[in-house]
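These notes concern the structure reproduced below.
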Amino acid sequence: MDLVDVESVRVARGRGDLALAPGERVLAGGTWLYSEPQPGVRGLVDLTGLGWPALEPLPDGGLRVGATCTLERLATADPAAGGHPLFAPAVDALLGSWKIHRVATVGGNICLALPAGPMTSLFAGLGADALIWMPDGGERREPVAELVTGDRTTALAPGEVLRALEVPAAALRARSALRRISLAELGRSGAVVVATVDDAGFTATVTAATPRPHRLLFPGIPTAAELADAVDAIGEWFDDPHGAPDWRHAMARLLAEELREELAA
């Protein structure tokens, strides 16, 4: 799709280049931006010129994933260089072609804030924080689970740019698993649940079935009834052609229970 209103494209080389003029939008992979008309978009600012590393180990044992890291790079990351067992299945949940995976970015998928966005599922499920650059030159952090606030809405303020996702060391060490289901074999995710268990307890994060991520925390492995009650208490279920709310609710309960049984073994 041609962006017929775009008059300029410039490559950002430093933070000063991220001051957006009226009608400008930041560009990472562009797989969604170029997929449909974007009325009012008159200029693009390419973030890839900033040279953000894809994966960086943090001093505390955590991992920083650059917002411009491509899905392919994430999925193929060597465990010795920060790779994680959930990276590849989360990327597969996008069900895009290899051409999409080579270009689409982690940060772009999260900022698009589609309920079925697999990077939201992954990083919310791992309890990651979003590192956000503010237009005044400062930065702030916000849990990914709170950054996405609804269908196509985020907590990003005007002029803010997602810089990276920071996964805590405890989440990297925890046992974890992911379950996904859709109405069609190659359909958009109707429900995704990511679960982790470590010394701090058990966490199940429900996405795709809901407009925004919901993290269910327990001090230990919950009983089946406790987990089902927590899922039922979510109380908001997404509704679109890829799944009715009652079906999404039922699937979230099912997937969460499967993960509880797996991680309790």
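Please note that chains go A, B, ... in the order of the structure tokens, that every chain numbers its residues from 1, and that ligands are numbered from 1 in the order shown.
If you count only C-alpha atoms and ignore residues fewer than 5 places along the chain from Ser176 (chain A), what sits within 8 Å of it is Leu86, Val194, Ala195, Thr196, Val197 and Leu263 of chain A.
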| request: Show which residues sit within 10 Å of region 224-229 of chain A, as a PyMOL selection string. Count only C-alpha atoms, and ignore same-chain residues fewer than 3 positions away. | output: chain A and resi 203-204+216-218+221+232-234+250+252-254+256-258+260-261
Kindly save the residues from that selection, with N, CA and C atoms included, as a CSV table (one decimal), in the first residue's frame.
chain,number,residue,atom,x,y,z
A,203,THR,N,2.5,-17.4,38.0
A,203,THR,CA,1.9,-16.3,37.3
A,203,THR,C,1.3,-16.7,36.0
A,204,ALA,N,0.1,-16.4,35.7
A,204,ALA,CA,-0.5,-16.7,34.4
A,204,ALA,C,-0.9,-15.4,33.8
A,216,LEU,N,-2.3,-12.8,36.4
A,216,LEU,CA,-2.8,-13.4,37.6
A,216,LEU,C,-1.7,-14.0,38.4
A,217,LEU,N,-1.5,-13.5,39.6
A,217,LEU,CA,-0.3,-13.8,40.4
A,217,LEU,C,-0.8,-14.7,41.6
A,218,PHE,N,0.0,-15.7,41.9
A,218,PHE,CA,-0.3,-16.6,43.1
A,218,PHE,C,1.0,-16.8,43.8
A,221,ILE,N,1.7,-22.7,43.4
A,221,ILE,CA,0.9,-23.2,42.4
A,221,ILE,C,-0.6,-23.2,42.9
A,232,ASP,N,-12.0,-16.2,35.7
A,232,ASP,CA,-13.4,-15.7,35.6
A,232,ASP,C,-13.5,-14.2,36.1
A,233,ALA,N,-12.7,-13.9,37.1
A,233,ALA,CA,-12.8,-12.5,37.6
A,233,ALA,C,-12.2,-11.4,36.7
A,234,ILE,N,-11.6,-11.9,35.6
A,234,ILE,CA,-11.1,-10.9,34.6
A,234,ILE,C,-12.2,-10.0,34.1
A,250,ALA,N,-13.8,-19.2,27.8
A,250,ALA,CA,-13.6,-20.7,28.0
A,250,ALA,C,-12.2,-21.2,27.6
A,252,ALA,N,-9.4,-19.3,27.6
A,252,ALA,CA,-8.5,-18.8,28.5
A,252,ALA,C,-8.4,-19.7,29.8
A,253,ARG,N,-9.6,-20.2,30.2
A,253,ARG,CA,-9.6,-21.1,31.4
A,253,ARG,C,-8.9,-22.4,31.0
A,254,LEU,N,-9.2,-22.9,29.8
A,254,LEU,CA,-8.6,-24.2,29.4
A,254,LEU,C,-7.1,-24.1,29.3
A,256,ALA,N,-5.0,-21.9,30.6
A,256,ALA,CA,-4.4,-21.6,31.9
A,256,ALA,C,-4.3,-22.9,32.8
A,257,GLU,N,-5.4,-23.7,32.7
A,257,GLU,CA,-5.3,-25.0,33.5
A,257,GLU,C,-4.3,-25.9,32.9
A,258,GLU,N,-4.2,-26.0,31.6
A,258,GLU,CA,-3.1,-26.8,31.0
A,258,GLU,C,-1.7,-26.4,31.4
A,260,ARG,N,-1.0,-24.7,34.2
A,260,ARG,CA,-0.9,-25.0,35.6
A,260,ARG,C,-0.5,-26.5,35.8
A,261,GLU,N,-1.1,-27.4,35.1
A,261,GLU,CA,-0.8,-28.8,35.2
A,261,GLU,C,0.6,-29.1,34.8
| Shortest interatomic distance to Arg152 (chain A) - which of A:Ile110, A:Ala184, A:Ala174, A:Ile132, counting only C-alpha atoms |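 Going through A:Ile110, A:Ala184, A:Ala174, A:Ile132 one by one, the smallest distance to Arg152 (chain A) is for A:Ile110.
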| task | Could you find all residues in region 161-252 of chain A that DSSP calls strand (DSSP E) from the backbone, and write them as a VMD selection string? | result | chain A and resid 161 to 167 175 to 181 191 to 198 201 to 207 214 to 218
Same residues, C-alpha atoms, saved as a compact mmCIF listing (two decimals), in the first residue's frame:
# COMPACT_ATOMS: atom_id res chain seq x y z
CA VAL A 161 9.11 6.41 21.90
CA LEU A 162 9.47 2.83 23.05
CA ARG A 163 13.22 2.23 23.36
CA ALA A 164 13.46 -1.32 24.70
CA LEU A 165 11.90 -4.14 26.69
CA GLU A 166 13.72 -5.23 29.85
CA VAL A 167 13.11 -8.78 31.05
CA ARG A 175 10.14 -22.32 34.28
CA SER A 176 7.70 -21.05 31.68
CA ALA A 177 5.32 -22.18 28.97
CA LEU A 178 2.95 -20.70 26.41
CA ARG A 179 -0.40 -21.87 25.04
CA ARG A 180 -2.26 -20.39 22.09
CA ILE A 181 -5.50 -21.20 20.29
CA ALA A 191 -6.49 -16.65 23.36
CA VAL A 192 -2.86 -16.74 24.49
CA VAL A 193 -1.73 -17.60 28.01
CA VAL A 194 1.86 -17.42 29.25
CA ALA A 195 2.67 -18.94 32.63
CA THR A 196 5.80 -18.87 34.77
CA VAL A 197 6.70 -20.48 38.08
CA ASP A 198 9.64 -19.81 40.37
CA GLY A 201 5.09 -18.16 42.91
CA PHE A 202 2.99 -18.85 39.83
CA THR A 203 1.89 -16.25 37.28
CA ALA A 204 -0.53 -16.69 34.37
CA THR A 205 -0.85 -13.85 31.87
CA VAL A 206 -3.94 -13.82 29.66
CA THR A 207 -3.84 -11.96 26.34
CA HIS A 214 -4.20 -9.54 32.59
CA ARG A 215 -1.60 -10.99 34.97
CA LEU A 216 -2.84 -13.44 37.58
CA LEU A 217 -0.35 -13.84 40.44
CA PHE A 218 -0.29 -16.57 43.09
| note | With distances taken over only C-alpha atoms, the candidate from A:Glu142, A:Glu72, A:Asp199, A:Glu236 nearest Ala88 (chain A) is A:Glu72
| task | For CA of Thr70 (chain A) and CA of Glu7 (chain A), quote the distance in Å rounded to one decimal. | result |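 Separation of CA of Thr70 (chain A) and CA of Glu7 (chain A): 26.3 Å.
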